[in-house]
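File shown here: entry-v4.csv, holding CSV, C-alpha atoms and all ligand atoms.
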chain,number,residue,atom,x,y,z
A,1,MET,CA,9.3,39.9,-26.7
A,2,GLU,CA,9.1,36.7,-28.7
A,3,LYS,CA,6.1,34.5,-28.1
A,4,ALA,CA,8.2,31.5,-27.1
A,5,THR,CA,10.1,33.6,-24.6
A,6,ARG,CA,6.8,34.9,-23.1
A,7,GLN,CA,5.6,31.3,-22.8
A,8,GLN,CA,8.8,30.3,-21.1
A,9,THR,CA,8.5,33.2,-18.7
A,10,LYS,CA,5.0,32.3,-17.9
A,11,ASP,CA,6.0,28.6,-17.4
A,12,HIS,CA,8.8,29.7,-15.2
A,13,ASN,CA,6.6,32.0,-13.1
A,14,SER,CA,3.9,29.4,-13.0
A,15,ARG,CA,6.3,26.8,-11.7
A,16,LEU,CA,7.7,29.2,-9.1
A,17,VAL,CA,4.2,30.0,-7.8
A,18,LEU,CA,3.3,26.3,-7.6
A,19,LYS,CA,6.5,25.5,-5.8
A,20,THR,CA,5.9,28.3,-3.3
A,21,ILE,CA,2.4,27.0,-2.6
A,22,PHE,CA,3.7,23.5,-2.3
A,23,ASN,CA,6.4,24.5,0.2
A,24,GLY,CA,4.2,26.9,2.1
A,25,GLY,CA,1.5,24.4,2.9
A,26,GLU,CA,-1.3,27.0,3.1
A,27,VAL,CA,-0.6,30.5,1.8
A,28,SER,CA,-2.5,33.5,0.5
A,29,ARG,CA,-1.9,35.2,-2.9
A,30,ALA,CA,-0.2,38.0,-1.0
A,31,ASP,CA,2.2,35.6,0.7
A,32,VAL,CA,3.0,34.1,-2.7
A,33,ALA,CA,3.7,37.6,-4.2
A,34,ARG,CA,5.9,38.4,-1.2
A,35,LEU,CA,7.8,35.1,-1.4
A,36,THR,CA,8.3,35.1,-5.1
A,37,GLY,CA,8.8,38.8,-5.8
A,38,LEU,CA,6.2,38.6,-8.5
A,39,THR,CA,3.5,41.3,-8.7
A,40,ARG,CA,0.0,40.7,-7.2
A,41,PRO,CA,-1.8,40.8,-10.6
A,42,THR,CA,0.7,38.3,-12.1
A,43,VAL,CA,0.2,36.0,-9.1
A,44,SER,CA,-3.6,36.3,-9.4
A,45,THR,CA,-3.5,35.3,-13.0
A,46,ILE,CA,-1.3,32.3,-12.4
A,47,VAL,CA,-3.3,31.2,-9.5
A,48,ALA,CA,-6.5,31.4,-11.5
A,49,ASP,CA,-4.9,29.2,-14.1
A,50,LEU,CA,-3.7,26.7,-11.4
A,51,LEU,CA,-7.2,26.6,-9.9
A,52,GLU,CA,-8.7,25.9,-13.3
A,53,ASN,CA,-6.2,23.1,-13.8
A,54,ASN,CA,-7.0,21.5,-10.4
A,55,LEU,CA,-3.4,21.8,-9.3
A,56,VAL,CA,-4.3,24.2,-6.5
A,57,VAL,CA,-7.4,24.5,-4.3
A,58,GLU,CA,-8.7,27.3,-2.0
A,59,THR,CA,-9.0,25.9,1.6
A,60,GLY,CA,-10.5,28.7,3.6
A,61,GLN,CA,-9.6,32.1,5.0
A,62,GLY,CA,-6.5,33.1,6.9
A,63,PRO,CA,-6.3,35.7,9.7
A,64,SER,CA,-6.8,39.3,8.6
A,65,ALA,CA,-3.8,41.6,8.4
A,66,GLY,CA,-6.1,44.6,8.9
A,67,GLY,CA,-8.4,44.4,5.9
A,68,LYS,CA,-10.4,41.6,4.3
A,69,ARG,CA,-9.4,38.1,5.5
A,70,PRO,CA,-7.2,36.5,2.7
A,71,THR,CA,-8.2,33.2,1.0
A,72,LEU,CA,-5.7,30.5,1.5
A,73,LEU,CA,-4.3,28.2,-1.2
A,74,THR,CA,-2.9,24.8,-1.0
A,75,ILE,CA,-1.8,22.1,-3.4
A,76,ASN,CA,-4.6,19.8,-4.6
A,77,GLY,CA,-3.0,16.5,-3.7
A,78,GLN,CA,-5.7,14.6,-5.6
A,79,GLY,CA,-5.5,16.9,-8.6
A,80,ARG,CA,-3.0,14.6,-10.4
A,81,HIS,CA,-1.5,11.2,-9.7
A,82,LEU,CA,1.6,9.5,-10.9
A,83,ILE,CA,2.9,6.0,-11.3
A,84,ALA,CA,6.1,4.8,-9.7
A,85,ILE,CA,7.6,1.5,-10.8
A,86,ASP,CA,10.4,-0.2,-8.8
A,87,LEU,CA,12.3,-3.0,-10.6
A,88,SER,CA,15.1,-3.3,-8.1
A,89,GLY,CA,13.9,-6.3,-6.2
A,90,ALA,CA,12.9,-10.0,-6.6
A,91,GLU,CA,9.4,-8.6,-7.2
A,92,PHE,CA,8.5,-5.7,-9.5
A,93,ARG,CA,6.5,-3.2,-7.6
A,94,ALA,CA,4.1,-0.5,-8.8
A,95,ALA,CA,2.5,2.3,-6.8
A,96,ARG,CA,0.0,5.0,-7.8
A,97,MET,CA,0.7,8.1,-5.8
A,98,ASN,CA,-0.9,11.5,-5.3
A,99,LEU,CA,1.0,14.8,-5.5
A,100,MET,CA,1.8,14.7,-1.8
A,101,GLY,CA,3.6,11.4,-2.1
A,102,ASP,CA,0.9,9.3,-0.5
A,103,ILE,CA,0.4,5.9,-2.1
A,104,GLU,CA,-3.2,5.4,-3.3
A,105,THR,CA,-2.8,1.8,-4.6
A,106,ARG,CA,-0.1,-0.8,-5.2
A,107,ASP,CA,0.5,-3.9,-7.2
A,108,VAL,CA,3.3,-6.5,-7.2
A,109,ARG,CA,4.4,-9.2,-9.6
A,110,PRO,CA,7.0,-11.9,-9.0
A,111,ALA,CA,10.1,-11.2,-11.1
A,112,ALA,CA,12.7,-13.8,-10.2
A,113,GLY,CA,14.3,-15.0,-13.4
A,114,LEU,CA,12.3,-12.6,-15.6
A,115,ARG,CA,14.4,-11.3,-18.5
A,116,GLY,CA,14.3,-9.3,-21.7
A,117,GLU,CA,10.8,-9.0,-23.4
A,118,ASP,CA,9.2,-11.0,-20.6
A,119,ALA,CA,10.4,-8.5,-18.0
A,120,LEU,CA,9.2,-5.6,-20.2
A,121,GLY,CA,5.8,-7.3,-20.6
A,122,VAL,CA,5.4,-7.5,-16.8
A,123,VAL,CA,6.2,-3.7,-16.6
A,124,TYR,CA,3.4,-3.0,-19.1
A,125,GLU,CA,1.0,-5.2,-17.1
A,126,LEU,CA,1.8,-3.6,-13.8
A,127,ILE,CA,1.2,-0.1,-15.2
A,128,GLU,CA,-2.1,-1.1,-16.8
A,129,SER,CA,-3.2,-2.7,-13.5
A,130,ILE,CA,-3.0,0.4,-11.5
A,131,LEU,CA,-3.8,3.0,-14.2
A,132,SER,CA,-7.0,4.8,-13.4
A,133,GLU,CA,-8.3,8.1,-14.9
A,134,PRO,CA,-5.5,8.5,-17.5
A,135,SER,CA,-6.4,12.2,-17.8
A,136,LEU,CA,-5.2,12.8,-14.3
A,137,LEU,CA,-1.9,10.9,-14.8
A,138,LEU,CA,1.0,13.3,-14.6
A,139,GLY,CA,3.5,10.7,-15.7
A,140,ILE,CA,5.3,7.5,-15.0
A,141,SER,CA,8.6,7.1,-13.3
A,142,VAL,CA,10.7,3.9,-13.4
A,143,ALA,CA,13.6,2.9,-11.1
A,144,THR,CA,15.7,0.1,-12.6
A,145,PRO,CA,18.9,-1.5,-11.5
A,146,GLY,CA,21.9,-1.2,-13.9
A,147,LEU,CA,23.3,1.6,-16.0
A,148,VAL,CA,20.7,4.1,-17.2
A,149,ASN,CA,20.9,7.3,-19.2
A,150,PRO,CA,18.3,9.5,-17.5
A,151,THR,CA,18.4,12.1,-20.2
A,152,ASN,CA,17.2,9.8,-23.0
A,153,GLY,CA,15.6,7.1,-20.8
A,154,ILE,CA,17.7,4.3,-22.3
A,155,VAL,CA,18.6,1.4,-20.0
A,156,LEU,CA,22.2,0.8,-21.2
A,157,ARG,CA,22.7,-2.4,-19.3
A,158,ALA,CA,20.7,-4.2,-16.6
A,159,VAL,CA,22.4,-7.5,-16.2
A,160,ASN,CA,19.7,-9.2,-14.0
A,161,LEU,CA,16.9,-8.2,-16.4
A,162,GLY,CA,18.9,-9.0,-19.6
A,163,TRP,CA,18.3,-5.5,-20.9
A,164,VAL,CA,21.0,-3.9,-23.2
A,165,ASN,CA,20.3,-0.5,-24.8
A,166,LEU,CA,16.6,-0.8,-24.1
A,167,PRO,CA,14.8,2.5,-25.0
A,168,LEU,CA,12.4,2.1,-22.0
A,169,ARG,CA,11.3,5.7,-21.9
A,170,ASP,CA,10.3,5.8,-25.5
A,171,LEU,CA,8.5,2.4,-25.3
A,172,LEU,CA,6.5,3.5,-22.3
A,173,GLU,CA,5.7,7.0,-23.7
A,174,ALA,CA,4.5,5.4,-27.0
A,175,ARG,CA,2.3,3.0,-25.1
A,176,PHE,CA,0.8,5.2,-22.4
A,177,ASN,CA,1.1,8.6,-24.0
A,178,ARG,CA,2.3,10.4,-20.9
A,179,PRO,CA,5.8,11.7,-19.8
A,180,VAL,CA,8.1,9.0,-18.6
A,181,TYR,CA,11.3,9.2,-16.5
A,182,ILE,CA,13.8,6.4,-16.0
A,183,ALA,CA,16.6,6.4,-13.5
A,184,ASN,CA,18.8,4.0,-11.6
A,185,ASP,CA,17.3,2.6,-8.4
A,186,SER,CA,20.1,3.8,-6.1
A,187,HIS,CA,20.0,7.3,-7.6
A,188,MET,CA,16.2,7.3,-7.0
A,189,ALA,CA,16.7,6.2,-3.4
A,190,ALA,CA,19.2,9.0,-2.8
A,191,LEU,CA,16.9,11.5,-4.3
A,192,ALA,CA,14.1,10.4,-2.0
A,193,GLU,CA,16.3,10.6,1.1
A,194,TYR,CA,17.4,14.1,0.0
A,195,THR,CA,13.9,15.3,-0.8
A,196,TYR,CA,11.8,13.8,2.0
A,197,GLY,CA,14.4,12.8,4.7
A,198,GLY,CA,15.4,16.1,6.1
A,199,GLY,CA,18.0,16.7,8.8
A,200,LEU,CA,20.6,17.8,6.3
A,201,ASP,CA,23.3,20.4,6.9
A,202,SER,CA,24.3,20.7,3.3
A,203,ASN,CA,23.0,20.1,-0.3
A,204,ASN,CA,25.2,16.9,-0.6
A,205,LEU,CA,24.4,13.4,0.4
A,206,ILE,CA,25.4,9.8,-0.3
A,207,ALA,CA,22.8,7.1,0.2
A,208,ILE,CA,24.1,3.5,0.2
A,209,ARG,CA,21.3,1.0,-0.5
A,210,VAL,CA,21.9,-2.6,0.5
A,211,SER,CA,19.2,-5.1,-0.4
A,212,ARG,CA,19.6,-7.9,-2.9
A,213,GLY,CA,22.4,-5.9,-4.5
A,214,ILE,CA,24.3,-2.8,-3.4
A,215,GLY,CA,24.5,0.6,-4.9
A,216,ALA,CA,25.1,4.2,-3.9
A,217,GLY,CA,23.3,7.3,-5.0
A,218,ILE,CA,25.2,10.6,-4.8
A,219,ILE,CA,23.5,14.0,-4.6
A,220,ILE,CA,25.7,17.0,-5.2
A,221,ASP,CA,24.3,20.5,-4.8
A,222,GLY,CA,20.8,19.1,-4.6
A,223,LEU,CA,21.1,17.1,-7.9
A,224,PRO,CA,21.8,13.4,-8.6
A,225,PHE,CA,25.3,13.0,-9.8
A,226,TYR,CA,25.3,10.3,-12.6
A,227,GLY,CA,28.9,10.2,-13.7
A,228,ASP,CA,30.3,10.3,-17.3
A,229,GLY,CA,28.9,6.8,-18.1
A,230,PHE,CA,25.9,7.0,-15.7
A,231,GLY,CA,27.6,4.5,-13.3
A,232,ALA,CA,28.4,6.8,-10.4
A,233,GLY,CA,27.8,5.0,-7.2
A,234,GLU,CA,28.1,1.5,-8.7
A,235,ILE,CA,30.0,0.3,-5.6
A,236,GLY,CA,28.5,-3.1,-5.5
A,237,HIS,CA,31.0,-4.4,-8.0
A,238,VAL,CA,34.1,-2.8,-6.6
A,239,VAL,CA,36.4,-5.5,-5.2
A,240,VAL,CA,36.9,-5.2,-1.4
A,241,ASP,CA,38.3,-8.7,-0.8
A,242,THR,CA,40.6,-9.9,-3.5
A,243,ALA,CA,40.6,-13.4,-2.0
A,244,GLY,CA,36.8,-13.4,-1.8
A,245,GLU,CA,34.0,-15.3,-3.6
A,246,LEU,CA,33.5,-15.3,-7.3
A,247,CYS,CA,30.9,-12.7,-8.3
A,248,VAL,CA,28.3,-12.8,-11.2
A,249,CYS,CA,30.3,-10.0,-12.8
A,250,GLY,CA,33.4,-12.3,-13.2
A,251,ASN,CA,35.5,-10.6,-10.5
A,252,ARG,CA,36.3,-12.0,-7.1
A,253,GLY,CA,35.3,-10.4,-3.8
A,254,CYS,CA,33.0,-7.6,-5.0
A,255,LEU,CA,31.2,-5.7,-2.2
A,256,GLU,CA,28.0,-7.6,-3.3
A,257,THR,CA,29.7,-10.9,-2.4
A,258,THR,CA,30.5,-9.7,1.1
A,259,SER,CA,27.7,-7.5,2.3
A,260,SER,CA,24.4,-7.9,0.3
A,261,VAL,CA,21.4,-9.6,1.8
A,262,ARG,CA,21.9,-12.4,-0.7
A,263,ALA,CA,25.6,-12.8,0.3
A,264,ILE,CA,24.7,-12.8,4.0
A,265,LEU,CA,22.1,-15.6,3.4
A,266,ARG,CA,24.6,-17.6,1.3
A,267,ARG,CA,27.2,-17.3,4.0
A,268,LEU,CA,24.7,-18.5,6.6
A,269,GLN,CA,24.3,-21.7,4.5
A,270,THR,CA,28.0,-22.5,4.4
A,271,ILE,CA,29.1,-21.5,7.9
A,272,ASP,CA,29.2,-23.8,11.0
A,273,ARG,CA,26.0,-22.9,12.8
A,274,THR,CA,26.2,-25.5,15.7
A,275,GLN,CA,26.8,-22.7,18.2
A,276,SER,CA,23.9,-20.6,16.9
A,277,VAL,CA,20.1,-20.4,17.5
A,278,LEU,CA,19.9,-21.0,13.7
A,279,ALA,CA,21.5,-24.4,14.1
A,280,GLY,CA,18.3,-26.4,13.5
A,281,ILE,CA,17.1,-24.4,10.5
A,282,HIS,CA,18.0,-25.8,7.1
A,283,SER,CA,17.9,-22.5,5.2
A,284,PRO,CA,17.6,-19.5,7.6
A,285,THR,CA,15.6,-16.6,6.1
A,286,TRP,CA,16.5,-12.9,6.3
A,287,PRO,CA,14.0,-12.2,9.2
A,288,GLN,CA,15.4,-15.2,11.1
A,289,PHE,CA,18.9,-14.0,10.7
A,290,VAL,CA,18.0,-10.4,11.7
A,291,GLU,CA,16.3,-11.7,14.8
A,292,ALA,CA,19.3,-13.8,15.8
A,293,ALA,CA,21.7,-11.0,15.2
A,294,LEU,CA,19.6,-8.6,17.3
A,295,ALA,CA,19.6,-11.2,20.1
A,296,HIS,CA,23.4,-11.2,20.0
A,297,ASP,CA,23.6,-14.7,18.6
A,298,PRO,CA,27.4,-15.2,18.2
A,299,VAL,CA,27.3,-16.6,14.6
A,300,ALA,CA,24.7,-14.1,13.3
A,301,THR,CA,26.6,-11.2,15.0
A,302,ASP,CA,29.9,-12.3,13.3
A,303,ILE,CA,28.3,-12.4,9.9
A,304,ALA,CA,26.7,-8.9,10.4
A,305,VAL,CA,29.9,-7.4,11.7
A,306,ASN,CA,31.8,-8.9,8.7
A,307,ALA,CA,29.3,-7.4,6.3
A,308,GLY,CA,29.5,-4.0,8.1
A,309,HIS,CA,33.3,-4.1,7.9
A,310,TYR,CA,33.3,-4.3,4.1
A,311,LEU,CA,30.6,-1.6,3.8
A,312,GLY,CA,32.9,0.5,6.0
A,313,VAL,CA,35.7,0.1,3.5
A,314,ALA,CA,33.3,1.3,0.7
A,315,ALA,CA,32.1,4.2,2.8
A,316,ALA,CA,35.7,5.2,3.5
A,317,ASN,CA,36.5,5.3,-0.2
A,318,LEU,CA,33.4,7.5,-0.9
A,319,VAL,CA,34.3,9.9,1.9
A,320,GLY,CA,37.8,10.1,0.6
A,321,ALA,CA,36.7,10.7,-3.0
A,322,PHE,CA,33.8,13.2,-2.3
A,323,ASP,CA,34.2,14.6,1.2
A,324,ILE,CA,30.4,14.4,1.5
A,325,GLN,CA,29.6,14.4,5.2
A,326,THR,CA,26.3,12.7,5.3
A,327,ILE,CA,26.2,9.0,4.4
A,328,VAL,CA,22.9,7.3,4.8
A,329,LEU,CA,22.3,3.6,4.8
A,330,ALA,CA,19.1,2.3,3.4
A,331,GLY,CA,17.5,-1.0,2.4
A,332,ARG,CA,16.8,-4.2,4.2
A,333,ILE,CA,20.3,-4.1,5.8
A,334,ALA,CA,19.1,-1.3,8.1
A,335,GLU,CA,17.1,-3.9,10.0
A,336,LEU,CA,20.5,-4.9,11.6
A,337,GLY,CA,20.7,-1.6,13.4
A,338,ASP,CA,23.7,-0.6,15.5
A,339,ILE,CA,25.6,-3.9,15.1
A,340,LEU,CA,26.1,-2.9,11.4
A,341,LEU,CA,26.6,0.8,11.9
A,342,ASP,CA,29.2,0.3,14.6
A,343,ALA,CA,31.2,-2.1,12.4
A,344,MET,CA,31.0,0.3,9.5
A,345,ARG,CA,32.1,3.3,11.6
A,346,ALA,CA,35.0,1.4,13.2
A,347,GLU,CA,36.3,0.4,9.7
A,348,MET,CA,35.7,3.9,8.2
A,349,GLN,CA,37.6,5.6,11.0
A,350,GLN,CA,40.7,3.5,10.4
A,351,ARG,CA,40.7,4.3,6.7
A,352,VAL,CA,40.2,8.1,6.3
A,353,LEU,CA,41.8,11.1,7.7
A,354,PRO,CA,40.7,11.5,11.4
A,355,SER,CA,39.3,15.0,10.8
A,356,MET,CA,37.2,13.7,7.8
A,357,ALA,CA,36.0,10.7,9.7
A,358,GLU,CA,35.0,12.9,12.6
A,359,ALA,CA,33.1,15.3,10.3
A,360,THR,CA,31.2,12.4,8.7
A,361,THR,CA,27.8,11.3,9.9
A,362,LEU,CA,26.9,7.7,9.1
A,363,ARG,CA,23.3,6.9,9.8
A,364,PHE,CA,20.2,5.1,8.7
A,365,SER,CA,17.6,6.8,6.5
A,366,SER,CA,15.6,9.3,8.5
A,367,LEU,CA,12.4,8.4,6.8
A,368,GLY,CA,11.5,5.8,9.4
A,369,PRO,CA,10.9,2.1,8.6
A,370,ARG,CA,7.5,2.5,7.0
A,371,ARG,CA,8.5,5.3,4.5
A,372,MET,CA,11.9,3.8,4.0
A,373,ALA,CA,10.2,0.7,2.6
A,374,ASP,CA,8.9,3.1,0.0
A,375,LEU,CA,12.2,4.9,-0.6
A,376,ILE,CA,12.3,4.1,-4.3
A,377,PRO,CA,8.7,5.1,-5.1
A,378,LEU,CA,9.3,8.3,-3.2
A,379,GLY,CA,12.4,8.9,-5.3
A,380,CYS,CA,10.4,8.3,-8.5
A,381,SER,CA,7.8,10.8,-7.3
A,382,ALA,CA,10.4,13.4,-6.4
A,383,LEU,CA,12.0,13.2,-9.9
A,384,LEU,CA,8.7,13.4,-11.7
A,385,LEU,CA,7.3,16.3,-9.6
A,386,ASN,CA,10.5,18.2,-10.1
A,387,GLN,CA,10.7,17.7,-13.8
A,388,GLU,CA,7.0,18.0,-14.7
A,389,LEU,CA,5.8,20.7,-12.2
A,390,GLY,CA,9.0,22.3,-10.9
A,391,ILE,CA,8.1,21.5,-7.3
A,392,LEU,CA,10.5,19.9,-4.7
B,1,ZN,ZN,30.9,-8.2,-9.0

Translate the structure of the given file into structure tokens.
Amino acid sequence: MEKATRQQTKDHNSRLVLKTIFNGGEVSRADVARLTGLTRPTVSTIVADLLENNLVVETGQGPSAGGKRPTLLTINGQGRHLIAIDLSGAEFRAARMNLMGDIETRDVRPAAGLRGEDALGVVYELIESILSEPSLLLGISVATPGLVNPTNGIVLRAVNLGWVNLPLRDLLEARFNRPVYIANDSHMAALAEYTYGGGLDSNNLIAIRVSRGIGAGIIIDGLPFYGDGFGAGEIGHVVVDTAGELCVCGNRGCLETTSSVRAILRRLQTIDRTQSVLAGIHSPTWPQFVEAALAHDPVATDIAVNAGHYLGVAAANLVGAFDIQTIVLAGRIAELGDILLDAMRAEMQQRVLPSMAEATTLRFSSLGPRRMADLIPLGCSALLLNQELGIL
């Protein structure tokens, strides 16, 4: 056997063992051998290696199966950490996470209006601010809006950040000397929901994320589907209302002009609010709007239903194109609850074959509000753990 091949086999087996321990929670060497089909001596050698590298720890002894009580193994959550960077919002967010996806520390920088080199400078600053013990750093994973080629880490175009063909991965790898992964924010959100969300009947999923902008991430057979030009799921700039408002992209009536958080707040500014609890407020904020909608304020409800109606159009098109039966809605729009989901469902049902509409589940992220707020860092973590350690 060639040396390279032997090394690959060893890596493959090592990843398999690590993944089995990760998924098992607490398992013995014998369990690992049984679950992987590897021999006991092979498992013992690999486990010794993983223990020495601090990726795995011995936690105690399990029940005896007749003879000596077996030693149990588990992932050493603190054995490595990783840095997740989320550039999708009005603030750039950074989180340092352990191997279990728990956030150890965070940092935030205002990013409104930041572009080009300035935006890049803030990304460097954020990473430096939460970097600790570089020897334990498994890698850095960045979620950015726009078109990204995840295989070479080049941001092809991120309009709001003023980035065109930016080799972000290479820049960060050169600076921090660790593996770096770059992907689109919506793709990361979908990966997080797929990996950590649970409750799935198949290996396919579409996650529509509605915050400042709108994007969908598509998972097919357990893997993110990027599309030929890496723009799969860029539904925010698909026109849903040809008579609608002018969009930053130059078209009229894109989904982002009807249903994004930004669009909803803009609409609140221009609409007649005399019949609303928001009448006396000069510029209602998102939380004020949500509170009014949840209290069945007529004006706020109308706006929420209108946003849901156009999201339903987009969801119907996705169902028609992919026949993926789980559509998850994430982002700040989820705060609107059933008003929004009901409006989306009603619209979707009118636009796809009845049998397909019936088979489709449209729901909010199953991660719960707290973890959903960290959907993007969790996606960053899932991508990095998968690529670097073969787990998840
Ligand atoms: Zn547009």

Surrounding residues as a ChimeraX atom specification, ligand ZN 1 (chain B), max 12 Å, all atoms listed in the file: /A:159,213-215,234-242,244-260,263

Kindly provide, as a PDB file with C-alpha atoms, in the frame of the given file, the polymer residues lying within 9 Å of (26.6, -17.4, 17.8), counting only C-alpha atoms and using the coordinates exactly as they appear in the file.
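Once written, part30.pdb looks like this:
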ATOM      1  CA  ARG A 273      26.000 -22.900  12.800  1.00  0.00           C
ATOM      2  CA  THR A 274      26.200 -25.500  15.700  1.00  0.00           C
ATOM      3  CA  GLN A 275      26.800 -22.700  18.200  1.00  0.00           C
ATOM      4  CA  SER A 276      23.900 -20.600  16.900  1.00  0.00           C
ATOM      5  CA  VAL A 277      20.100 -20.400  17.500  1.00  0.00           C
ATOM      6  CA  LEU A 278      19.900 -21.000  13.700  1.00  0.00           C
ATOM      7  CA  ALA A 292      19.300 -13.800  15.800  1.00  0.00           C
ATOM      8  CA  ALA A 293      21.700 -11.000  15.200  1.00  0.00           C
ATOM      9  CA  HIS A 296      23.400 -11.200  20.000  1.00  0.00           C
ATOM     10  CA  ASP A 297      23.600 -14.700  18.600  1.00  0.00           C
ATOM     11  CA  PRO A 298      27.400 -15.200  18.200  1.00  0.00           C
ATOM     12  CA  VAL A 299      27.300 -16.600  14.600  1.00  0.00           C
ATOM     13  CA  ALA A 300      24.700 -14.100  13.300  1.00  0.00           C
ATOM     14  CA  THR A 301      26.600 -11.200  15.000  1.00  0.00           C
ATOM     15  CA  ASP A 302      29.900 -12.300  13.300  1.00  0.00           C
TER      16      ASP A 302
END

Could you give me, as an MDAnalysis selection string, the residues that sit within 12 Å of (14.6, 8.8, -14.6) in the file's coordinates, counting only C-alpha atoms? chainID A and resid 84:86 139:145 147:155 168:169 179:189 191 224 226 230 376:377 379:388

Residues within 9 Å of Ile75 of chain A, please, as a PyMOL selection string. Count all atoms listed in the file; anything in the same chain fewer than 6 positions from it doesn't count. chain A and resi 18+21-22+25-26+54-58+99-100

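Interatomic distance, atom CA of Ile220 of chain A to atom CA of Asn203 of chain A: 6.4 Å.
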
Can you pull out the residues contacting Gly121 of chain A? Cut-off 12 Å, using all atoms listed in the file, and skip same-chain residues under 2 positions away; I want them as a VMD selection string. chain A and resid 92 109 111 114 to 119 123 to 128 161 168 171 to 172 175

Write the selection just made, keeping C-alpha atoms, as a tab-separated table (two decimals), in the frame of the given file?
chain	number	residue	atom	x	y	z
A	92	PHE	CA	8.50	-5.70	-9.50
A	109	ARG	CA	4.40	-9.20	-9.60
A	111	ALA	CA	10.10	-11.20	-11.10
A	114	LEU	CA	12.30	-12.60	-15.60
A	115	ARG	CA	14.40	-11.30	-18.50
A	116	GLY	CA	14.30	-9.30	-21.70
A	117	GLU	CA	10.80	-9.00	-23.40
A	118	ASP	CA	9.20	-11.00	-20.60
A	119	ALA	CA	10.40	-8.50	-18.00
A	123	VAL	CA	6.20	-3.70	-16.60
A	124	TYR	CA	3.40	-3.00	-19.10
A	125	GLU	CA	1.00	-5.20	-17.10
A	126	LEU	CA	1.80	-3.60	-13.80
A	127	ILE	CA	1.20	-0.10	-15.20
A	128	GLU	CA	-2.10	-1.10	-16.80
A	161	LEU	CA	16.90	-8.20	-16.40
A	168	LEU	CA	12.40	2.10	-22.00
A	171	LEU	CA	8.50	2.40	-25.30
A	172	LEU	CA	6.50	3.50	-22.30
A	175	ARG	CA	2.30	3.00	-25.10

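Atom to atom, atom CA of Ala357 of chain A and atom CA of Asp342 of chain A stand 13.4 Å apart.
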
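Atom CA of Gly227 of chain A is found 22.6 Å from atom CA of Thr360 of chain A.
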
In terms of all atoms listed in the file, the residue from A:Ser28, A:Thr42, A:Thr361, A:Ser88 at minimal distance from Pro70 of chain A is A:Ser28

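The neighbours of Arg106 of chain A here are the residues that come within 9 Å of it, using only C-alpha atoms and leaving out any residue fewer than 5 positions away in the same chain; they are Arg93, Ala94, Ala95, Arg96, Met97 and Ile130 of chain A.
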
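With all atoms listed in the file as the atoms that count, the residue of A:Ile103, A:Gly320, A:Leu392, A:Ala112 with the shortest distance to Gly24 of chain A is A:Leu392.
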
Missing atoms in segment 267-275 of chain A need filling: write out N, CA, C and O atoms for it as a PDB file, in the coordinates of the input.
ATOM      1  N   ARG A 267      26.203 -16.993   3.021  1.00  0.00           N
ATOM      2  CA  ARG A 267      27.200 -17.300   4.000  1.00  0.00           C
ATOM      3  C   ARG A 267      26.653 -18.097   5.177  1.00  0.00           C
ATOM      4  O   ARG A 267      27.301 -19.001   5.701  1.00  0.00           O
ATOM      5  N   LEU A 268      25.422 -17.791   5.543  1.00  0.00           N
ATOM      6  CA  LEU A 268      24.700 -18.500   6.600  1.00  0.00           C
ATOM      7  C   LEU A 268      24.625 -20.025   6.242  1.00  0.00           C
ATOM      8  O   LEU A 268      24.665 -20.884   7.109  1.00  0.00           O
ATOM      9  N   GLN A 269      24.445 -20.270   4.949  1.00  0.00           N
ATOM     10  CA  GLN A 269      24.300 -21.700   4.500  1.00  0.00           C
ATOM     11  C   GLN A 269      25.577 -22.456   4.680  1.00  0.00           C
ATOM     12  O   GLN A 269      25.540 -23.639   4.954  1.00  0.00           O
ATOM     13  N   THR A 270      26.736 -21.782   4.499  1.00  0.00           N
ATOM     14  CA  THR A 270      28.000 -22.500   4.400  1.00  0.00           C
ATOM     15  C   THR A 270      28.739 -22.528   5.785  1.00  0.00           C
ATOM     16  O   THR A 270      29.619 -23.348   5.991  1.00  0.00           O
ATOM     17  N   ILE A 271      28.376 -21.607   6.672  1.00  0.00           N
ATOM     18  CA  ILE A 271      29.100 -21.500   7.900  1.00  0.00           C
ATOM     19  C   ILE A 271      28.697 -22.523   8.957  1.00  0.00           C
ATOM     20  O   ILE A 271      27.575 -23.026   8.887  1.00  0.00           O
ATOM     21  N   ASP A 272      29.577 -22.841   9.896  1.00  0.00           N
ATOM     22  CA  ASP A 272      29.200 -23.800  11.000  1.00  0.00           C
ATOM     23  C   ASP A 272      28.266 -23.058  11.942  1.00  0.00           C
ATOM     24  O   ASP A 272      28.621 -22.071  12.583  1.00  0.00           O
ATOM     25  N   ARG A 273      27.051 -23.609  12.034  1.00  0.00           N
ATOM     26  CA  ARG A 273      26.000 -22.900  12.800  1.00  0.00           C
ATOM     27  C   ARG A 273      25.695 -23.704  14.122  1.00  0.00           C
ATOM     28  O   ARG A 273      24.680 -23.428  14.756  1.00  0.00           O
ATOM     29  N   THR A 274      26.558 -24.642  14.499  1.00  0.00           N
ATOM     30  CA  THR A 274      26.200 -25.500  15.700  1.00  0.00           C
ATOM     31  C   THR A 274      26.073 -24.637  16.943  1.00  0.00           C
ATOM     32  O   THR A 274      25.312 -24.981  17.826  1.00  0.00           O
ATOM     33  N   GLN A 275      26.815 -23.507  17.018  1.00  0.00           N
ATOM     34  CA  GLN A 275      26.800 -22.700  18.200  1.00  0.00           C
ATOM     35  C   GLN A 275      25.661 -21.597  18.144  1.00  0.00           C
ATOM     36  O   GLN A 275      25.624 -20.675  18.957  1.00  0.00           O
TER      37      GLN A 275
END
